[in-house]
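Novice: What follows is start_18.cif, made up of mmCIF, C-alpha atoms:
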data_target
loop_
_atom_site.label_atom_id
_atom_site.label_comp_id
_atom_site.auth_asym_id
_atom_site.auth_seq_id
_atom_site.Cartn_x
_atom_site.Cartn_y
_atom_site.Cartn_z
CA MET A 736 0.00 0.00 0.00
CA SER A 737 1.36 3.37 -0.99
CA ARG A 738 1.96 5.85 1.82
CA ASN A 739 2.66 8.94 -0.29
CA PHE A 740 2.58 10.20 -3.86
CA THR A 741 6.30 10.76 -4.46
CA PRO A 742 7.27 9.62 -7.98
CA GLU A 743 9.15 6.35 -8.15
CA GLU A 744 12.20 7.95 -9.83
CA THR A 745 12.57 10.35 -6.89
CA LEU A 746 12.33 7.48 -4.41
CA ILE A 747 15.00 5.54 -6.30
CA ASP A 748 17.25 8.62 -6.23
CA GLN A 749 16.66 8.91 -2.48
CA LEU A 750 17.42 5.22 -2.07
CA PHE A 751 20.86 5.90 -3.52
CA LEU A 752 21.36 8.35 -0.62
CA ASP A 753 20.51 5.60 1.94
CA ASP A 754 17.05 6.98 2.61
CA THR A 755 15.26 4.25 4.54
CA ASP A 756 11.90 6.02 4.23
CA ALA A 757 12.17 5.85 0.43
CA PHE A 758 13.04 2.18 0.64
CA GLU A 759 10.05 1.45 2.85
CA GLU A 760 7.75 3.43 0.57
CA LEU A 761 8.93 1.37 -2.41
CA TYR A 762 8.53 -1.75 -0.32
CA HIS A 763 4.92 -0.87 0.55
CA ARG A 764 4.14 -0.22 -3.11
CA TYR A 765 5.39 -3.55 -4.40
CA SER A 766 5.63 -6.09 -1.60
CA TYR A 767 2.05 -7.33 -1.45
CA PRO A 768 1.50 -7.74 -5.23
CA LEU A 769 4.79 -9.65 -5.39
CA TYR A 770 3.82 -11.78 -2.41
CA ALA A 771 0.39 -12.57 -3.89
CA TYR A 772 1.98 -13.52 -7.20
CA CYS A 773 4.50 -15.87 -5.53
CA ALA A 774 1.97 -17.37 -3.14
CA GLY A 775 -0.36 -18.07 -6.05
CA LYS A 776 2.36 -19.71 -8.08
CA LEU A 777 3.87 -21.82 -5.31
CA ASP A 778 0.76 -22.29 -3.18
CA SER A 779 3.00 -21.75 -0.19
CA PRO A 780 2.83 -18.49 1.82
CA ALA A 781 6.09 -19.30 3.64
CA ASP A 782 8.07 -19.65 0.40
CA ALA A 783 6.42 -16.54 -1.02
CA LYS A 784 7.44 -14.52 2.04
CA GLN A 785 10.99 -15.79 1.74
CA ILE A 786 11.23 -14.85 -1.94
CA VAL A 787 9.86 -11.32 -1.39
CA ARG A 788 12.16 -10.83 1.61
CA ASP A 789 15.24 -11.93 -0.36
CA VAL A 790 14.35 -9.73 -3.34
CA PHE A 791 14.03 -6.63 -1.13
CA ILE A 792 17.20 -7.45 0.79
CA ALA A 793 19.02 -7.69 -2.56
CA LEU A 794 17.51 -4.36 -3.62
CA TRP A 795 18.78 -2.69 -0.44
CA GLU A 796 22.23 -4.20 -0.93
CA LYS A 797 22.37 -3.05 -4.56
CA ARG A 798 21.07 0.48 -3.91
CA HIS A 799 24.41 2.13 -4.73
CA SER A 800 24.84 0.33 -8.04
CA LEU A 801 21.43 0.81 -9.63
CA PRO A 802 21.76 1.85 -13.27
CA VAL A 803 20.46 5.11 -14.72
CA GLY A 804 16.84 4.79 -15.89
CA PHE A 805 16.34 1.84 -13.55
CA SER A 806 12.86 0.31 -13.74
CA LEU A 807 11.99 -1.05 -10.33
CA SER A 808 8.91 -3.02 -11.33
CA LEU A 809 10.80 -4.70 -14.15
CA TYR A 810 13.69 -5.53 -11.84
CA LEU A 811 11.47 -6.87 -9.05
CA TYR A 812 9.34 -9.08 -11.28
CA LYS A 813 12.40 -10.38 -13.11
CA GLU A 814 14.04 -11.33 -9.82
CA VAL A 815 10.87 -12.87 -8.44
CA ARG A 816 10.34 -14.99 -11.57
CA LYS A 817 13.93 -16.23 -11.34
CA ALA A 818 13.49 -16.97 -7.63
CA LEU A 819 10.26 -18.88 -8.28
CA VAL A 820 11.89 -21.25 -10.74
CA ASN A 821 14.86 -21.59 -8.39
CA CYS A 822 12.57 -22.42 -5.47
CA ILE A 823 10.76 -25.15 -7.40
CA ASN A 824 14.05 -26.55 -8.64
CA GLU A 825 15.48 -26.67 -5.11
CA LYS A 826 12.39 -28.40 -3.80
CA LEU A 827 12.56 -30.98 -6.56
CA GLU A 828 16.25 -31.50 -5.93
CA THR A 829 15.80 -32.08 -2.22
CA GLU A 830 12.54 -33.95 -2.85
CA LYS A 831 10.62 -31.69 -0.49
CA ASP A 832 6.87 -31.00 -0.87
CA LEU A 833 6.66 -33.36 -3.84
CA THR A 834 2.96 -33.97 -3.29
CA ARG A 835 2.22 -30.26 -3.32
CA ILE A 836 4.24 -29.79 -6.50
CA GLN A 837 2.50 -32.73 -8.13
CA THR A 838 -1.01 -31.62 -7.18
CA ARG A 839 -0.77 -27.82 -7.16
CA ILE A 840 2.08 -26.68 -9.42
CA ILE A 841 2.33 -29.25 -12.23
CA PRO A 842 -1.34 -28.85 -13.31
CA GLY A 843 -0.46 -25.19 -14.04
CA PHE A 844 1.81 -26.40 -16.84
CA ALA A 845 -1.06 -28.12 -18.65
CA MET A 846 -1.84 -26.71 -22.10
CA ILE A 847 -5.35 -25.56 -21.09
CA ASN A 848 -3.95 -23.51 -18.23
CA LEU A 849 -1.07 -22.08 -20.25
CA GLN A 850 -3.42 -20.94 -23.01
CA LYS A 851 -4.97 -18.47 -20.54
CA ALA A 852 -1.69 -16.53 -20.48
CA ARG A 853 -1.79 -16.15 -24.26
CA GLN A 854 -5.25 -14.57 -24.28
CA PRO A 855 -5.44 -10.77 -24.49
CA VAL A 856 -5.68 -9.00 -21.15
CA ARG A 857 -9.30 -8.42 -20.18
CA LYS A 858 -10.31 -4.85 -19.52
CA SER A 859 -11.48 -4.05 -16.00
CA TYR A 860 -15.10 -3.10 -15.34
CA SER A 861 -14.27 0.57 -14.67
CA GLU A 862 -12.21 0.77 -17.86
CA MET A 863 -15.06 -0.78 -19.88
CA ARG A 864 -17.54 1.72 -18.40
CA TYR A 865 -15.22 4.63 -19.19
CA LEU A 866 -14.82 3.46 -22.81
CA GLN A 867 -18.60 3.05 -23.18
CA LEU A 868 -19.18 6.58 -21.86
CA LEU A 869 -16.52 7.94 -24.19
CA ALA A 870 -18.12 6.21 -27.20
CA LYS A 871 -21.56 7.53 -26.22
CA ASN A 872 -20.23 11.10 -25.92
CA ASN A 873 -18.46 10.83 -29.25
CA GLN A 874 -21.65 9.67 -30.94
CA SER A 875 -23.70 12.57 -29.61
CA LYS A 876 -21.16 15.23 -30.56
CA THR A 877 -20.43 15.97 -34.19
CA PRO A 878 -16.91 17.27 -34.77
CA TRP A 879 -16.44 21.00 -35.42
CA TRP A 880 -15.47 20.47 -39.05
CA ASN A 881 -18.81 18.82 -39.74
CA GLN A 882 -20.84 21.53 -38.01
CA ALA A 883 -22.21 24.29 -40.23
CA PRO A 884 -21.56 27.69 -38.63
CA ALA A 885 -24.75 29.59 -37.95
CA GLY A 886 -25.82 31.77 -40.89
CA ILE A 887 -23.06 30.62 -43.26
CA THR A 888 -23.77 28.15 -46.03
CA VAL A 889 -21.44 26.25 -48.30
CA LYS A 890 -22.54 28.49 -51.14
CA ASP A 891 -21.37 31.61 -49.22
CA ILE A 892 -17.97 30.06 -48.62
CA LYS A 893 -17.65 29.14 -52.30
CA GLN A 894 -18.45 32.71 -53.31
CA VAL A 895 -15.90 34.18 -50.88
CA LEU A 896 -13.23 31.79 -52.09
CA GLN A 897 -14.08 32.58 -55.73
CA LYS A 898 -13.66 36.31 -55.03
CA ALA A 899 -10.35 35.69 -53.30
CA PHE A 900 -9.02 33.66 -56.23
CA ASN A 901 -10.16 36.34 -58.67
CA LEU A 902 -8.26 38.97 -56.70
CA LEU A 903 -5.13 36.84 -56.78
CA MET B 1489 4.03 -34.10 -16.46
CA THR B 1490 5.89 -35.82 -13.64
CA THR B 1491 8.06 -34.17 -11.01
CA LYS B 1492 11.11 -35.67 -12.70
CA THR B 1493 10.28 -34.06 -16.03
CA LEU B 1494 9.66 -30.72 -14.33
CA HIS B 1495 12.95 -30.99 -12.48
CA ARG B 1496 14.79 -31.65 -15.73
CA LYS B 1497 13.12 -28.65 -17.33
CA THR B 1498 13.76 -26.23 -14.45
CA ASN B 1499 17.35 -27.41 -14.22
CA ARG B 1500 17.95 -26.79 -17.90
CA TYR B 1501 16.10 -23.45 -17.73
CA LEU B 1502 18.22 -22.20 -14.84
CA SER B 1503 21.47 -23.27 -16.46
CA GLY B 1504 20.44 -21.59 -19.73
CA ALA B 1505 20.41 -24.86 -21.64
CA ALA B 1506 16.64 -25.20 -22.08
CA MET B 1507 15.11 -25.88 -25.47
CA PRO B 1508 13.12 -22.91 -26.82
CA ALA B 1509 9.85 -24.79 -26.26
CA GLU B 1510 10.77 -25.59 -22.65
CA ALA B 1511 11.77 -22.00 -21.92
CA ARG B 1512 8.55 -20.79 -23.51
CA GLN B 1513 6.52 -23.21 -21.40
CA ILE B 1514 8.12 -22.05 -18.15
CA GLU B 1515 7.84 -18.38 -19.10
CA THR B 1516 4.20 -18.79 -20.09
CA TRP B 1517 3.52 -20.47 -16.76
CA LEU B 1518 5.20 -17.54 -15.00
CA SER B 1519 3.08 -15.07 -16.98
CA CYS B 1520 -0.18 -16.83 -16.20
CA THR B 1521 -1.82 -14.94 -13.33
CA GLU B 1522 -5.49 -15.63 -14.05
CA GLN B 1523 -6.01 -18.37 -11.45
CA HIS B 1524 -4.58 -16.52 -8.45
CA LYS B 1525 -7.04 -13.69 -7.97
CA SER B 1526 -8.57 -13.71 -4.51
CA VAL B 1527 -9.83 -10.96 -2.23
CA VAL B 1528 -7.73 -10.52 0.90
CA PRO B 1529 -8.79 -8.09 3.63
CA GLU B 1530 -6.68 -4.94 3.98
CA THR B 1531 -5.69 -5.83 7.56
CA GLU B 1532 -4.35 -9.21 6.42
CA LYS B 1533 -2.34 -7.54 3.65
CA GLU B 1534 -0.80 -5.07 6.09
CA LYS B 1535 0.02 -7.87 8.51
CA ILE B 1536 1.87 -9.82 5.82
CA GLU B 1537 3.68 -6.69 4.62
CA GLN B 1538 4.76 -5.87 8.16
CA GLU B 1539 5.98 -9.40 8.81
CA ILE B 1540 8.19 -9.41 5.71
CA LEU B 1541 9.42 -5.87 6.41
CA GLU B 1542 10.47 -6.88 9.93
CA GLU B 1543 12.52 -9.72 8.44
CA VAL B 1544 14.11 -7.38 5.87
CA ARG B 1545 14.97 -4.95 8.69
CA ALA B 1546 16.48 -7.76 10.75
CA PHE B 1547 18.59 -9.02 7.83
CA THR B 1548 19.89 -5.68 6.59
CA ALA B 1549 19.92 -3.90 9.98
CA TYR B 1550 19.32 -0.60 8.19
CA PRO B 1551 17.38 0.98 11.08
CA LEU B 1552 20.60 0.60 13.09
CA PHE B 1553 23.00 2.03 10.52
CA PHE B 1554 20.68 4.63 9.01
CA PRO B 1555 18.36 5.78 11.80
CA LYS B 1556 15.54 8.09 10.82
CA ALA B 1557 16.23 11.76 11.47
CA GLU B 1558 14.10 13.28 14.22
CA PRO B 1559 11.56 15.82 12.98
CA TRP B 1560 12.37 19.48 13.77
CA TRP B 1561 9.43 19.85 16.15
CA LYS B 1562 10.70 16.99 18.34
CA LYS B 1563 14.13 18.64 18.65
CA PHE B 1564 12.41 21.94 19.38
CA THR B 1565 10.20 20.49 22.13
CA ALA B 1566 13.19 18.68 23.64
CA ILE B 1567 14.81 22.06 24.42
CA PHE B 1568 11.91 22.91 26.71
#
Once more with this new file: its structure as structure tokens, please.

Specialist:
Amino acid sequence: MSRNFTPEETLIDQLFLDDTDAFEELYHRYSYPLYAYCAGKLDSPADAKQIVRDVFIALWEKRHSLPVGFSLSLYLYKEVRKALVNCINEKLETEKDLTRIQTRIIPGFAMINLQKARQPVRKSYSEMRYLQLLAKNNQSKTPWWNQAPAGITVKDIKQVLQKAFNLL
Amino acid sequence: MTTKTLHRKTNRYLSGAAMPAEARQIETWLSCTEQHKSVVPETEKEKIEQEILEEVRAFTAYPLFFPKAEPWWKKFTAIF
């Protein structure tokens, strides 16, 4: 949950100066969505917490070497995706939670489930309503170039233009 | 798919030796977020956030090395 409206770029600049408030603000903006994503993928809140914790610890450690034009969301999701695959691989290696992997994770790799990711992103209800309103407003209003100014006809305009061309 | 097959795939993916189809399968799985949408109360979210933040603070110890500056009004009131 966001605590203030400071732009992300400013917070990243402040992070470079060891500003812990900026770090915590960034943490509050991203931590829960990342946690929900991991918990959904692994079906394990404990592993999800560990992944999010490690990603933010790494961010704090790397704060002095962040590149110019750094995209935090891109970085965080990239790291989380890597950590997710790593976590599953480690579990399979140590043969831990095999039943959970078999029943909860492997079905996600089925073709029917993967096809969902290839479908276009559905618009939210509010977005749909906004687009409908916009379309309705556009229908009711005719653009200015199609509106005939009061008292002036096409014939008048033709005559004025004819006179102008004659003068030229 | 069996756990063995998945293990082989994740292993190859992490070492960068996965076949294009395998990499695409894992990446598509990672991009699929449709099935995980559930409503969680705000208090629960804050609790989870706080728990993870406490762990991050404990690991990095940043509150110790970079303590928050006191606001001016606190310093001012301390004089009196």

Novice: Would you be able to write out as a PyMOL selection string which residues have an atom within 12 Å of (9.7, 2.0, 2.6) in the file's coordinates, counting all atoms listed in the file?

Specialist: (chain A and resi 736-739+741+743+746-747+749-750+753-766+791+794-795) or (chain B and resi 1537-1538+1540-1542+1544-1545+1550-1551+1556)

Novice: Which chain A residues are at most 9 Å from chain B (counting only C-alpha atoms), as a ChimeraX atom specification?

Specialist: /A:736,753-756,759,762-763,766-767,770-772,774-776,784-785,787-789,791-792,795-796,816-817,819-821,823-825,827-828,833,836-837,841-845,848-853

Novice: To one decimal in Å, tell me the separation between CA of Phe751 in chain A and CA of His799 in chain A.

Specialist: 5.3 Å

Novice: State, in Å with one decimal place, the distance from CA of Arg798 in chain A to CA of Asp748 in chain A.

Specialist: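 Interatomic distance, CA of Arg798 in chain A to CA of Asp748 in chain A: 9.3 Å.
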
Novice: Have a look at CA of Tyr812 in chain A and CA of Leu1552 in chain B and let me know their distance in Å, one decimal.

Specialist: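 Separating CA of Tyr812 in chain A from CA of Leu1552 in chain B is a distance of 28.5 Å.
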